[in-house]
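Novice: Below you will find the structure I want to go over with you.
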Amino acid sequence: MTVKLDFEECLKDSPRFRASIELVEAEVSELETRLEKLLKLGTGLLESGRHYLAASRAFIVGICDLAHLGPPEPMMAECLDKFTVSLSHKLDSHAELLDAIQHTLQQQIQTLVKEGLRGFREARRDFWRGAESLEAALTHNAEVPRRRAQEAEEAGAALRTARAAYRGRALDYALQVNVIEDKRKFDIMEFVLRLVEAQATHFQQGHEELSRLAQYRKELGAQLHQLVLNSAREKRDMEQRHVLLKQKELGGEEPEPSLREGPSGLVMEGHLFKRASNAFKTWSRRWFTIQSNQLVYQKKYKDPVTVVVDDLRLCTVKLCPDSERRFCFEVVSTSKSCLLQADSERLLQLWVSAVQSSIASAFSQARLDDSPRGPGQGSGHLAVGSAATLGGGGMARGREPGGVGHVAAQVQSVDGNAQCCDCREPAPEWASINLGVTLCIQCSGIHRSLGVHFSKVRSLTLDSWEPELVKLMCELGNVVINQIYEARVEALAVKKPGPSCSRQEKEAWIHAKYVEKKFLTKLPEIRGRRGGRGPPRGQPPVPPKPSLRPRPGSFRSKPEPPSDDLGSLHPGALLFRAAGHPPSLPTMADALAHGADVNWVNGSRENATPLIQATAANSLLACEFLLQNGANVNQADSAGRGPLHHATILGHTGLACLFLKRGADLEARDSEGRDPLTIAVETANADIVTLLRLAKMREVEAAQGQAGDETYLDIFRDFSLMASDDPEKLRRRSHDLHTL
């Protein structure tokens with residue numbers, strides 16, 4: 001123990017003792033001030049620490065709330081779970097540190113202030129009272145005269161009593177001073193030691209908590225690095241797609257109506273104007289949807305739908321050429337009619353075809369659910385609905401030998417078609433008719449979401465199939481198409497999804513395969529390739545030099561000279577060559593996959609298109625393939641002749657029937673002013689003359705709102721079946737012509 005005041009000096013009450021007393025009292029007063037300040041600072045530290053803990057816990061909750069926005073992501077969920085638990089443990093440790101600080105402050109500093117200094121203050125008070133009493137006794141004893149012996153004796157006794165009391169209090173005071181001096185050192189050092197130990201425990205727990213996450217943090221860092229790289233690649237691809245779409249879509253063209261898979265079946269949706277049934281006949285733009293055998297519309301997404309047609313089997317659709325507005329059609333049911341308006345002629349035809357196809361699908365489904373009929377037993381109402389599509393670019397209902405089940409069996413029997421083209425699920429019952437592949441129900445829904453410019457989906461068991469389309473499906477198939485669209489899958493080490501994969505995985509695969517076309521073999525730059533090039537977009541083709549009246553059939557497909565390097569051709573030129581004699585559907589599909597324009601113009605061949613080239617080769621399948629992929633059935637060459645003109649000139653009756661079903665213009669005239677019927681009469685082709693005259697009669701009947709005769713449909717069906725199954729029967733020329 002350090003002796004601050006000497007007891008001997010205390011008894012002597014020397015000036016050194018009194019000086020020491022004054023010095024000690026000043027130090028103790030300063031100590032008390034500083035201890036009280038430390039207590040106040042400690043209280044502030046505890047309050048701010050608890051505020052920090054509350055704010056930190058609220059911050060963690062905010063991070064979790066932000067992470068729970070949107071669909072759950074497993075990687076983020078695992079990361080947040082581990083990190084928030086770790087942060088919570090560290091905050092709990094911090095709370096324990098604050099409790100330890102508070103306990104130490106109370107036990108050491110506050111106890112020192114309240115108990116240690118209180119004893120010092122009481123001893124000081126008693127000391128100074130004794131000192132004052134001694135001083136008074138000394139003064140009184142000194143003032144007593146000699147003659148007052150009794151008073152002097154009493155004064156001496158009082159002095160002895162006062163001195164004894166003073167010395168006792170002085171000794172007690174000196175003891176308190178020495179004790180408080182040592183207690184101050186011990187308590188403050190113990191406070192600091194306990195504080196450091198609490199800090200060490202806190203940081204040790206934090207270190208252990210972070211050490212447990214060390215391996216996970218390394219793995220997460222690597223995953224984040226990979227995510228950053230993937231995000232950069234996706235951003236680059238997105239920017240490229242954005243630029244391409246911006247260049248393509250800013251022309252003001254109307255958007256395509258979308259086909260997607262809804263919870264209640266196939267869905268077609270898009271905007272249409274609807275005329276109100278009130279007296280004002282106002283027009284309103286609404287979002288229309290075909291789904292679940294109904295036609296419905298709504299104004300906003302969350303609004304309840306309004307049903308226009310309860311059952312599509314009880315209605316029909318017809319064009320309204322006499323309406324004061326353009327692009328109008330009417331959906332007529334047994335109880336009411338609804339006048340609708342599309343944004344363009346193309347959208348008008350798409351909506352009319354969609355409604356007619358939905359009517360046909362509704363009847364097919366009803367027939368499957370109720371009582372199946374044999375081949376050739378169709379519905380009269382269905383025939384009327386399908387008849388409207390002939391000559392209008394829609395889908396006609398054909399005769400399927402053996403029924404729709406036979407179509408599915410026939411298509412699935414092709415090599416590779418017994419499994420889904422994209423996920424390998426067995427027994428697919430859907431198909432993409434422009435790609436020529438079979439699909440499972442989930443992949444078919446994803447294909448519909450891509451849009452019809454990428455994939456046109458049809459059911460193998462529910463929809464009607466034209467014979468030429470069935471043969472097209474059998475000509476291509478999954479193996480052929482996957483050799484094109486998955487050519488680099490093994491080289492890129494990409495894993496193809498399986499039947500059990502999630503829809504998101506399949507959707508990402510299909511998008512990469514058909515939209516981004518990541519797995520195609522790369523072609524060299526177009527510049528410098530051999531083969532003809534079409535005129536620049538937006539510029540008319542350069543016509544050939546004028547000549548005398550061309551001979552009918554002057555444009556004929558000639559066998560192309562063999563080329564050792566077809567890859568050096570422009571994709572459009574490659575498509576044109578592959579459509580010639582003999583046509584190669586796999587090569588045509590490859591050219592389209594690499595971006596060939598299906599309506600590419602060959603300037604060196606009278607501005608002929610691939611469809612005209614396929615017509616000259618008399619290839620029904622090549623023409624069907626081009627039409628399913630968006631070929632313009634009315635695009636003419638430099639002589640003003642479209643595919644129907646060439647089919648008529650060359651006497652290809654099956655192709656003429658196909659073009660009429662796909663909406664060929666009967667009134668189109670070539671540079672000499674001849675329409676297809678005139679050419680057919682000149683070439684004395686009885687079958688084509690019959691087809692063209694029936695088609696003209698049908699146009700007149702449709703314009704007058706008449707349903708038409710089923711005989712007309714039967715003739716077209718017979719020609720379609722004959723062109724597909726027995727084309728030799730259609731090779732009649734002038735010597736077979738009968739008077740009509």
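The way I read the labels, and the way they are meant: chains A, B, ... in the order of the structure tokens, residue 1 as the first residue of every chain, and ligand 1 as the first ligand shown, with later ones counted on from there.
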If you count only C-alpha atoms, which residues fall within 12 Å of segment 632-636 of chain A, apart from same-chain ones fewer than 5 positions away, as a PyMOL selection string?

Specialist: chain A and resi 346+391-393+540-541+543+597-602+606-615+623-624+626-627+641-647+655-656+658-671+676

Novice: Taking the backbone alone, and naming residues the way the document does, which bits of segment 299-348 of chain A are strand (DSSP E or B) by DSSP, as a list in words?

Specialist: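 Restricting segment 299-348 of chain A to strand (DSSP E or B) produces Thr306, Val307, Val308, Val309, Cys315, Thr316, Val317, Lys318, Leu319, Cys328, Phe329, Glu330, Val331, Val332, Ser333, Ser337, Cys338, Leu339, Leu340 and Gln341 of chain A.
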
Novice: Please dump the current selection as a short mmCIF file (atom, residue, chain, number, x, y, z; two decimals), in the first residue's frame; keep all heavy atoms.

Specialist:
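This is the output file selection.cif:
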data_model
loop_
_atom_site.label_atom_id
_atom_site.label_comp_id
_atom_site.auth_asym_id
_atom_site.auth_seq_id
_atom_site.Cartn_x
_atom_site.Cartn_y
_atom_site.Cartn_z
N THR A 306 -65.08 -9.75 -69.49
CA THR A 306 -66.44 -9.73 -70.03
C THR A 306 -66.50 -10.76 -71.16
O THR A 306 -65.68 -10.73 -72.09
CB THR A 306 -66.80 -8.34 -70.58
OG1 THR A 306 -66.69 -7.39 -69.52
CG2 THR A 306 -68.21 -8.34 -71.13
N VAL A 307 -67.45 -11.66 -71.08
CA VAL A 307 -67.55 -12.75 -72.06
C VAL A 307 -68.37 -12.26 -73.26
O VAL A 307 -69.50 -11.80 -73.10
CB VAL A 307 -68.21 -14.00 -71.43
CG1 VAL A 307 -68.34 -15.10 -72.47
CG2 VAL A 307 -67.39 -14.47 -70.24
N VAL A 308 -67.76 -12.33 -74.44
CA VAL A 308 -68.46 -11.97 -75.68
C VAL A 308 -69.20 -13.19 -76.22
O VAL A 308 -70.37 -13.11 -76.60
CB VAL A 308 -67.47 -11.43 -76.72
CG1 VAL A 308 -68.20 -11.08 -78.03
CG2 VAL A 308 -66.76 -10.20 -76.18
N VAL A 309 -68.51 -14.34 -76.24
CA VAL A 309 -69.10 -15.58 -76.75
C VAL A 309 -68.86 -16.66 -75.70
O VAL A 309 -67.72 -16.95 -75.34
CB VAL A 309 -68.47 -16.00 -78.09
CG1 VAL A 309 -69.08 -17.32 -78.56
CG2 VAL A 309 -68.68 -14.92 -79.14
N CYS A 315 -71.02 -20.06 -82.69
CA CYS A 315 -70.86 -18.79 -83.39
C CYS A 315 -70.10 -19.01 -84.69
O CYS A 315 -69.59 -20.10 -84.97
CB CYS A 315 -70.11 -17.79 -82.51
SG CYS A 315 -68.35 -18.14 -82.35
N THR A 316 -70.05 -17.98 -85.48
CA THR A 316 -69.25 -17.95 -86.70
C THR A 316 -68.64 -16.58 -86.82
O THR A 316 -69.01 -15.64 -86.10
CB THR A 316 -70.12 -18.27 -87.93
OG1 THR A 316 -69.26 -18.38 -89.07
CG2 THR A 316 -71.13 -17.17 -88.19
N VAL A 317 -67.68 -16.43 -87.72
CA VAL A 317 -66.99 -15.16 -87.90
C VAL A 317 -67.02 -14.81 -89.38
O VAL A 317 -66.92 -15.68 -90.25
CB VAL A 317 -65.54 -15.24 -87.38
CG1 VAL A 317 -64.76 -16.30 -88.09
CG2 VAL A 317 -64.85 -13.90 -87.50
N LYS A 318 -67.19 -13.54 -89.66
CA LYS A 318 -67.24 -13.11 -91.05
C LYS A 318 -66.65 -11.72 -91.18
O LYS A 318 -66.65 -10.92 -90.22
CB LYS A 318 -68.68 -13.12 -91.58
CG LYS A 318 -69.62 -12.14 -90.88
CD LYS A 318 -71.01 -12.18 -91.48
CE LYS A 318 -71.93 -11.14 -90.83
NZ LYS A 318 -73.26 -11.13 -91.46
N LEU A 319 -66.13 -11.43 -92.37
CA LEU A 319 -65.59 -10.10 -92.65
C LEU A 319 -66.73 -9.11 -92.86
O LEU A 319 -67.85 -9.49 -93.20
CB LEU A 319 -64.69 -10.14 -93.87
CG LEU A 319 -63.47 -11.08 -93.78
CD1 LEU A 319 -62.73 -11.12 -95.11
CD2 LEU A 319 -62.55 -10.64 -92.66
N CYS A 328 -62.61 -4.50 -90.32
CA CYS A 328 -63.63 -4.93 -89.39
C CYS A 328 -64.05 -6.37 -89.67
O CYS A 328 -64.05 -6.82 -90.83
CB CYS A 328 -64.86 -4.02 -89.47
SG CYS A 328 -64.57 -2.37 -88.82
N PHE A 329 -64.42 -7.08 -88.61
CA PHE A 329 -65.01 -8.41 -88.74
C PHE A 329 -66.05 -8.56 -87.63
O PHE A 329 -66.05 -7.81 -86.64
CB PHE A 329 -63.95 -9.51 -88.66
CG PHE A 329 -63.24 -9.61 -87.35
CD1 PHE A 329 -63.61 -10.55 -86.40
CD2 PHE A 329 -62.17 -8.78 -87.05
CE1 PHE A 329 -62.94 -10.66 -85.21
CE2 PHE A 329 -61.49 -8.88 -85.84
CZ PHE A 329 -61.88 -9.82 -84.91
N GLU A 330 -66.92 -9.53 -87.81
CA GLU A 330 -68.04 -9.69 -86.89
C GLU A 330 -68.08 -11.13 -86.39
O GLU A 330 -67.96 -12.07 -87.17
CB GLU A 330 -69.36 -9.33 -87.58
CG GLU A 330 -70.55 -9.27 -86.63
CD GLU A 330 -71.81 -8.76 -87.31
OE1 GLU A 330 -71.81 -8.68 -88.57
OE2 GLU A 330 -72.77 -8.43 -86.61
N VAL A 331 -68.24 -11.26 -85.08
CA VAL A 331 -68.44 -12.56 -84.46
C VAL A 331 -69.92 -12.69 -84.14
O VAL A 331 -70.47 -11.92 -83.34
CB VAL A 331 -67.59 -12.70 -83.17
CG1 VAL A 331 -67.84 -14.05 -82.53
CG2 VAL A 331 -66.11 -12.53 -83.49
N VAL A 332 -70.57 -13.64 -84.80
CA VAL A 332 -72.02 -13.78 -84.71
C VAL A 332 -72.35 -15.08 -83.97
O VAL A 332 -71.87 -16.15 -84.35
CB VAL A 332 -72.67 -13.79 -86.11
CG1 VAL A 332 -74.19 -13.88 -86.00
CG2 VAL A 332 -72.27 -12.54 -86.88
N SER A 333 -73.14 -14.97 -82.91
CA SER A 333 -73.60 -16.14 -82.17
C SER A 333 -75.12 -16.23 -82.28
O SER A 333 -75.77 -15.41 -82.95
CB SER A 333 -73.18 -16.05 -80.70
OG SER A 333 -73.83 -14.97 -80.07
N SER A 337 -74.40 -10.42 -81.76
CA SER A 337 -73.24 -10.27 -82.63
C SER A 337 -72.36 -9.16 -82.07
O SER A 337 -72.83 -8.27 -81.37
CB SER A 337 -73.67 -9.94 -84.06
OG SER A 337 -74.31 -8.67 -84.10
N CYS A 338 -71.07 -9.24 -82.38
CA CYS A 338 -70.10 -8.26 -81.88
C CYS A 338 -69.23 -7.82 -83.03
O CYS A 338 -68.58 -8.64 -83.70
CB CYS A 338 -69.26 -8.89 -80.76
SG CYS A 338 -68.06 -7.77 -80.04
N LEU A 339 -69.23 -6.51 -83.31
CA LEU A 339 -68.43 -5.95 -84.40
C LEU A 339 -67.09 -5.50 -83.84
O LEU A 339 -67.02 -4.71 -82.89
CB LEU A 339 -69.16 -4.76 -85.03
CG LEU A 339 -68.51 -4.19 -86.31
CD1 LEU A 339 -68.46 -5.25 -87.41
CD2 LEU A 339 -69.28 -2.96 -86.80
N LEU A 340 -66.01 -6.02 -84.42
CA LEU A 340 -64.66 -5.76 -83.94
C LEU A 340 -63.81 -5.19 -85.07
O LEU A 340 -64.11 -5.40 -86.25
CB LEU A 340 -64.02 -7.04 -83.40
CG LEU A 340 -64.80 -7.77 -82.31
CD1 LEU A 340 -64.14 -9.10 -81.99
CD2 LEU A 340 -64.87 -6.91 -81.05
N GLN A 341 -62.76 -4.47 -84.69
CA GLN A 341 -61.88 -3.85 -85.68
C GLN A 341 -60.43 -4.09 -85.28
O GLN A 341 -60.02 -3.82 -84.14
CB GLN A 341 -62.13 -2.34 -85.76
CG GLN A 341 -61.23 -1.64 -86.79
CD GLN A 341 -61.36 -0.12 -86.74
OE1 GLN A 341 -61.81 0.43 -85.75
NE2 GLN A 341 -60.98 0.55 -87.82
#

Novice: Can you pull out the residues contacting Trp283 of chain A? Cut-off 7 Å, using only C-alpha atoms, and skip same-chain residues under 4 positions away; I want them as a list in words.

Specialist: Phe273, Lys274, Arg275 and Ala276 of chain A

Novice: Which residues are near segment 38-43 of chain A? Cut-off 12 Å, only C-alpha atoms, ignore same chain within fewer than 4 positions. Put them as a PyMOL selection string.

Specialist: chain A and resi 31-34+47-50+98-114+188+191+195

Novice: Can those selected residues be exported to a file as an mmCIF file, in the first residue's frame so that it contains N, CA, C and O atoms?

Specialist:
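Done, and the output landed in out_31.cif:
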data_model
loop_
_atom_site.group_PDB
_atom_site.id
_atom_site.type_symbol
_atom_site.label_atom_id
_atom_site.label_comp_id
_atom_site.auth_asym_id
_atom_site.auth_seq_id
_atom_site.Cartn_x
_atom_site.Cartn_y
_atom_site.Cartn_z
ATOM 1 N N LEU A 31 -10.455 13.749 -8.563
ATOM 2 C CA LEU A 31 -10.805 12.354 -8.847
ATOM 3 C C LEU A 31 -12.319 12.172 -8.892
ATOM 4 O O LEU A 31 -12.853 11.502 -9.786
ATOM 5 N N GLU A 32 -13.014 12.750 -7.958
ATOM 6 C CA GLU A 32 -14.464 12.643 -7.925
ATOM 7 C C GLU A 32 -15.087 13.251 -9.172
ATOM 8 O O GLU A 32 -16.014 12.679 -9.770
ATOM 9 N N THR A 33 -14.576 14.386 -9.593
ATOM 10 C CA THR A 33 -15.097 15.049 -10.805
ATOM 11 C C THR A 33 -14.910 14.160 -12.036
ATOM 12 O O THR A 33 -15.815 13.994 -12.860
ATOM 13 N N ARG A 34 -13.712 13.589 -12.120
ATOM 14 C CA ARG A 34 -13.421 12.783 -13.311
ATOM 15 C C ARG A 34 -14.193 11.454 -13.295
ATOM 16 O O ARG A 34 -14.597 10.956 -14.348
ATOM 17 N N GLU A 47 -26.072 3.957 -24.140
ATOM 18 C CA GLU A 47 -27.258 4.370 -24.904
ATOM 19 C C GLU A 47 -26.992 4.323 -26.404
ATOM 20 O O GLU A 47 -27.806 3.797 -27.174
ATOM 21 N N SER A 48 -25.852 4.869 -26.836
ATOM 22 C CA SER A 48 -25.536 4.855 -28.275
ATOM 23 C C SER A 48 -25.325 3.424 -28.773
ATOM 24 O O SER A 48 -25.696 3.078 -29.905
ATOM 25 N N GLY A 49 -24.725 2.563 -27.928
ATOM 26 C CA GLY A 49 -24.544 1.178 -28.332
ATOM 27 C C GLY A 49 -25.856 0.464 -28.547
ATOM 28 O O GLY A 49 -26.011 -0.302 -29.513
ATOM 29 N N ARG A 50 -26.804 0.723 -27.623
ATOM 30 C CA ARG A 50 -28.112 0.081 -27.787
ATOM 31 C C ARG A 50 -28.855 0.651 -28.990
ATOM 32 O O ARG A 50 -29.580 -0.079 -29.673
ATOM 33 N N LEU A 98 -21.977 -4.681 -24.103
ATOM 34 C CA LEU A 98 -22.569 -3.499 -23.464
ATOM 35 C C LEU A 98 -23.038 -3.827 -22.041
ATOM 36 O O LEU A 98 -22.870 -3.010 -21.117
ATOM 37 N N ASP A 99 -23.610 -4.994 -21.860
ATOM 38 C CA ASP A 99 -24.026 -5.392 -20.510
ATOM 39 C C ASP A 99 -22.820 -5.506 -19.577
ATOM 40 O O ASP A 99 -22.886 -5.105 -18.392
ATOM 41 N N ALA A 100 -21.704 -6.049 -20.102
ATOM 42 C CA ALA A 100 -20.491 -6.164 -19.283
ATOM 43 C C ALA A 100 -19.943 -4.791 -18.920
ATOM 44 O O ALA A 100 -19.486 -4.564 -17.786
ATOM 45 N N ILE A 101 -19.969 -3.859 -19.856
ATOM 46 C CA ILE A 101 -19.503 -2.496 -19.573
ATOM 47 C C ILE A 101 -20.372 -1.851 -18.494
ATOM 48 O O ILE A 101 -19.870 -1.218 -17.548
ATOM 49 N N GLN A 102 -21.683 -2.020 -18.636
ATOM 50 C CA GLN A 102 -22.581 -1.437 -17.642
ATOM 51 C C GLN A 102 -22.343 -2.046 -16.256
ATOM 52 O O GLN A 102 -22.284 -1.325 -15.247
ATOM 53 N N HIS A 103 -22.175 -3.363 -16.208
ATOM 54 C CA HIS A 103 -21.937 -4.025 -14.923
ATOM 55 C C HIS A 103 -20.622 -3.562 -14.302
ATOM 56 O O HIS A 103 -20.541 -3.309 -13.086
ATOM 57 N N THR A 104 -19.575 -3.430 -15.117
ATOM 58 C CA THR A 104 -18.274 -2.994 -14.606
ATOM 59 C C THR A 104 -18.329 -1.557 -14.114
ATOM 60 O O THR A 104 -17.732 -1.208 -13.081
ATOM 61 N N LEU A 105 -19.010 -0.705 -14.847
ATOM 62 C CA LEU A 105 -19.153 0.686 -14.405
ATOM 63 C C LEU A 105 -19.852 0.751 -13.047
ATOM 64 O O LEU A 105 -19.442 1.508 -12.153
ATOM 65 N N GLN A 106 -20.905 -0.036 -12.905
ATOM 66 C CA GLN A 106 -21.644 -0.003 -11.649
ATOM 67 C C GLN A 106 -20.834 -0.595 -10.505
ATOM 68 O O GLN A 106 -20.816 -0.064 -9.388
ATOM 69 N N GLN A 107 -20.141 -1.710 -10.772
ATOM 70 C CA GLN A 107 -19.442 -2.413 -9.703
ATOM 71 C C GLN A 107 -18.160 -1.701 -9.293
ATOM 72 O O GLN A 107 -17.789 -1.718 -8.116
ATOM 73 N N GLN A 108 -17.446 -1.092 -10.224
ATOM 74 C CA GLN A 108 -16.154 -0.498 -9.918
ATOM 75 C C GLN A 108 -16.244 1.017 -9.752
ATOM 76 O O GLN A 108 -15.987 1.541 -8.677
ATOM 77 N N ILE A 109 -16.619 1.708 -10.767
ATOM 78 C CA ILE A 109 -16.548 3.175 -10.743
ATOM 79 C C ILE A 109 -17.643 3.752 -9.851
ATOM 80 O O ILE A 109 -17.384 4.606 -8.989
ATOM 81 N N GLN A 110 -18.881 3.291 -10.080
ATOM 82 C CA GLN A 110 -19.971 3.854 -9.294
ATOM 83 C C GLN A 110 -19.826 3.503 -7.807
ATOM 84 O O GLN A 110 -20.114 4.323 -6.931
ATOM 85 N N THR A 111 -19.354 2.284 -7.507
ATOM 86 C CA THR A 111 -19.107 1.908 -6.111
ATOM 87 C C THR A 111 -18.008 2.762 -5.500
ATOM 88 O O THR A 111 -18.093 3.191 -4.333
ATOM 89 N N LEU A 112 -16.970 3.039 -6.270
ATOM 90 C CA LEU A 112 -15.895 3.898 -5.788
ATOM 91 C C LEU A 112 -16.401 5.293 -5.465
ATOM 92 O O LEU A 112 -16.030 5.889 -4.453
ATOM 93 N N VAL A 113 -17.281 5.821 -6.324
ATOM 94 C CA VAL A 113 -17.790 7.177 -6.105
ATOM 95 C C VAL A 113 -18.732 7.208 -4.902
ATOM 96 O O VAL A 113 -18.651 8.104 -4.040
ATOM 97 N N LYS A 114 -19.622 6.234 -4.836
ATOM 98 C CA LYS A 114 -20.660 6.298 -3.808
ATOM 99 C C LYS A 114 -20.187 5.827 -2.438
ATOM 100 O O LYS A 114 -20.594 6.372 -1.418
ATOM 101 N N ILE A 188 -9.853 1.317 -10.600
ATOM 102 C CA ILE A 188 -9.750 1.781 -11.994
ATOM 103 C C ILE A 188 -9.041 0.731 -12.844
ATOM 104 O O ILE A 188 -9.457 0.433 -13.976
ATOM 105 N N PHE A 191 -11.432 -2.097 -13.420
ATOM 106 C CA PHE A 191 -12.454 -1.684 -14.394
ATOM 107 C C PHE A 191 -11.929 -1.819 -15.823
ATOM 108 O O PHE A 191 -12.579 -2.379 -16.705
ATOM 109 N N LEU A 195 -13.082 -4.451 -18.694
ATOM 110 C CA LEU A 195 -13.525 -3.890 -19.982
ATOM 111 C C LEU A 195 -12.771 -4.538 -21.138
ATOM 112 O O LEU A 195 -13.353 -4.916 -22.164
#

Novice: Could you check how far atom CA of Glu429 of chain A sits from atom CA of Cys474 of chain A, in Å to one decimal?

Specialist: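 Interatomic distance, atom CA of Glu429 of chain A to atom CA of Cys474 of chain A: 14.5 Å.
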
Novice: For a quick check of understanding, using only C-alpha atoms, which of A:Gln240, A:Phe454, A:Leu677, A:Ala354 has the smallest distance to Leu694 of chain A?

Specialist: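 Comparing A:Gln240, A:Phe454, A:Leu677, A:Ala354 against Leu694 of chain A, the winner is A:Leu677.
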
Novice: Within 10 Å of segment 205-218 of chain A, which residues of segment 4-120 of chain A come that close, and what is the closest atom pair and distance in Å for each? Count only C-alpha atoms and give it as a tab-separated table.

Specialist:
residue	atom	partner	partner_atom	distance
A:Cys79	CA	A:Tyr216	CA	9.0
A:Lys82	CA	A:Leu213	CA	8.0
A:Phe83	CA	A:Leu213	CA	8.4
A:Val85	CA	A:Glu209	CA	9.7
A:Ser86	CA	A:Glu209	CA	6.4
A:Leu87	CA	A:Glu209	CA	8.8
A:His89	CA	A:Glu209	CA	7.7
A:Lys90	CA	A:Gly206	CA	5.7
A:Leu91	CA	A:Gly206	CA	9.2
A:Ser93	CA	A:Gln205	CA	7.1
A:His94	CA	A:Gly206	CA	9.2

Novice: Filtering to N, CA, C and O atoms, could you give me those residues as a compact mmCIF listing (two decimals), in the first residue's frame?

Specialist:
# COMPACT_ATOMS: atom_id res chain seq x y z
N CYS A 79 -27.50 -17.27 -49.05
CA CYS A 79 -26.55 -16.23 -48.62
C CYS A 79 -27.14 -15.40 -47.50
O CYS A 79 -26.48 -15.15 -46.48
N LYS A 82 -27.40 -17.35 -44.12
CA LYS A 82 -26.14 -17.51 -43.40
C LYS A 82 -25.63 -16.18 -42.85
O LYS A 82 -25.21 -16.08 -41.69
N PHE A 83 -25.67 -15.13 -43.67
CA PHE A 83 -25.11 -13.86 -43.25
C PHE A 83 -25.95 -13.18 -42.18
O PHE A 83 -25.42 -12.57 -41.25
N VAL A 85 -27.87 -14.64 -39.99
CA VAL A 85 -27.67 -15.38 -38.74
C VAL A 85 -26.34 -15.00 -38.10
O VAL A 85 -26.23 -14.77 -36.89
N SER A 86 -25.29 -14.90 -38.95
CA SER A 86 -23.99 -14.51 -38.44
C SER A 86 -24.01 -13.10 -37.87
O SER A 86 -23.48 -12.84 -36.79
N LEU A 87 -24.63 -12.16 -38.58
CA LEU A 87 -24.73 -10.78 -38.08
C LEU A 87 -25.54 -10.73 -36.79
O LEU A 87 -25.20 -9.97 -35.88
N HIS A 89 -25.75 -13.08 -34.54
CA HIS A 89 -24.89 -13.57 -33.46
C HIS A 89 -23.89 -12.51 -33.02
O HIS A 89 -23.64 -12.34 -31.81
N LYS A 90 -23.33 -11.78 -33.99
CA LYS A 90 -22.36 -10.74 -33.63
C LYS A 90 -23.05 -9.59 -32.90
O LYS A 90 -22.47 -8.99 -31.99
N LEU A 91 -24.26 -9.27 -33.26
CA LEU A 91 -24.99 -8.24 -32.54
C LEU A 91 -25.34 -8.71 -31.13
O LEU A 91 -25.32 -7.91 -30.18
N SER A 93 -23.50 -10.71 -29.39
CA SER A 93 -22.24 -10.58 -28.67
C SER A 93 -21.98 -9.13 -28.29
O SER A 93 -21.47 -8.83 -27.21
N HIS A 94 -22.32 -8.22 -29.19
CA HIS A 94 -22.16 -6.80 -28.89
C HIS A 94 -23.07 -6.38 -27.74
O HIS A 94 -22.68 -5.58 -26.87

Novice: Rounded to one decimal place, report the atom CA of Gln298 of chain A-atom CA of Arg286 of chain A distance in Å.

Specialist: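 Computed distance, atom CA of Gln298 of chain A to atom CA of Arg286 of chain A, equals 6.0 Å.
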
Novice: Give me the residues near Gly156 of chain A as number ranges by chain, where near means some atom within 10 Å (using only C-alpha atoms) and where sequence neighbours in that chain fewer than 2 positions away do not count.

Specialist: A: 137-138, 140-142, 144, 150-154, 158-162

Novice: Could you please take those selected residues and save C-alpha atoms as a short mmCIF file (atom, residue, chain, number, x, y, z; two decimals), in the first residue's frame?

Specialist:
data_model
loop_
_atom_site.label_atom_id
_atom_site.label_comp_id
_atom_site.auth_asym_id
_atom_site.auth_seq_id
_atom_site.Cartn_x
_atom_site.Cartn_y
_atom_site.Cartn_z
CA ALA A 137 -9.30 24.64 23.07
CA LEU A 138 -5.74 25.83 22.50
CA HIS A 140 -8.98 29.19 25.39
CA ASN A 141 -6.20 27.48 27.34
CA ALA A 142 -3.75 30.18 26.30
CA VAL A 144 -6.71 31.76 30.98
CA GLN A 150 -9.57 26.53 38.71
CA GLU A 151 -10.31 27.88 35.24
CA ALA A 152 -6.80 27.02 34.09
CA GLU A 153 -7.27 23.45 35.28
CA GLU A 154 -10.58 23.17 33.44
CA ALA A 158 -10.65 20.52 27.85
CA LEU A 159 -7.46 20.93 25.83
CA ARG A 160 -6.39 17.36 26.51
CA THR A 161 -9.82 16.08 25.52
CA ALA A 162 -9.85 18.14 22.31
#

Novice: Out of A:Ala418, A:Leu347, A:Leu220, A:Glu701, which residue has the shortest atom-to-atom distance to Met75 of chain A when counting only C-alpha atoms?

Specialist: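 Of the candidates, the smallest distance to Met75 of chain A is held by A:Leu220.
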
Novice: What is the atom CA of Trp430 of chain A to atom CA of Gly416 of chain A distance in Å?

Specialist: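 About the pair atom CA of Trp430 of chain A and atom CA of Gly416 of chain A: they are 14.1 Å apart.
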
Novice: So that I can see what lies close to Phe625 of chain A, please list as a ChimeraX atom specification the residues with an atom at most 8 Å from it, counting only C-alpha atoms and leaving out residues fewer than 5 positions away in the same chain.

Specialist: /A:434,472,585

Novice: Could you save the residues just selected, with N, CA, C and O atoms, as a short mmCIF file (atom, residue, chain, number, x, y, z; two decimals), in the first residue's frame?

Specialist:
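Below is the file that was written, again-v4.cif:
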data_model
loop_
_atom_site.label_atom_id
_atom_site.label_comp_id
_atom_site.auth_asym_id
_atom_site.auth_seq_id
_atom_site.Cartn_x
_atom_site.Cartn_y
_atom_site.Cartn_z
N ASN A 434 -43.72 -24.91 -88.63
CA ASN A 434 -42.76 -24.22 -89.48
C ASN A 434 -41.34 -24.74 -89.26
O ASN A 434 -40.50 -24.66 -90.16
N LEU A 472 -44.72 -32.86 -94.80
CA LEU A 472 -43.63 -31.94 -94.46
C LEU A 472 -43.02 -32.31 -93.11
O LEU A 472 -41.80 -32.34 -92.94
N LEU A 585 -35.03 -29.83 -98.26
CA LEU A 585 -35.64 -29.17 -97.10
C LEU A 585 -34.66 -28.96 -95.95
O LEU A 585 -34.69 -27.90 -95.32
#
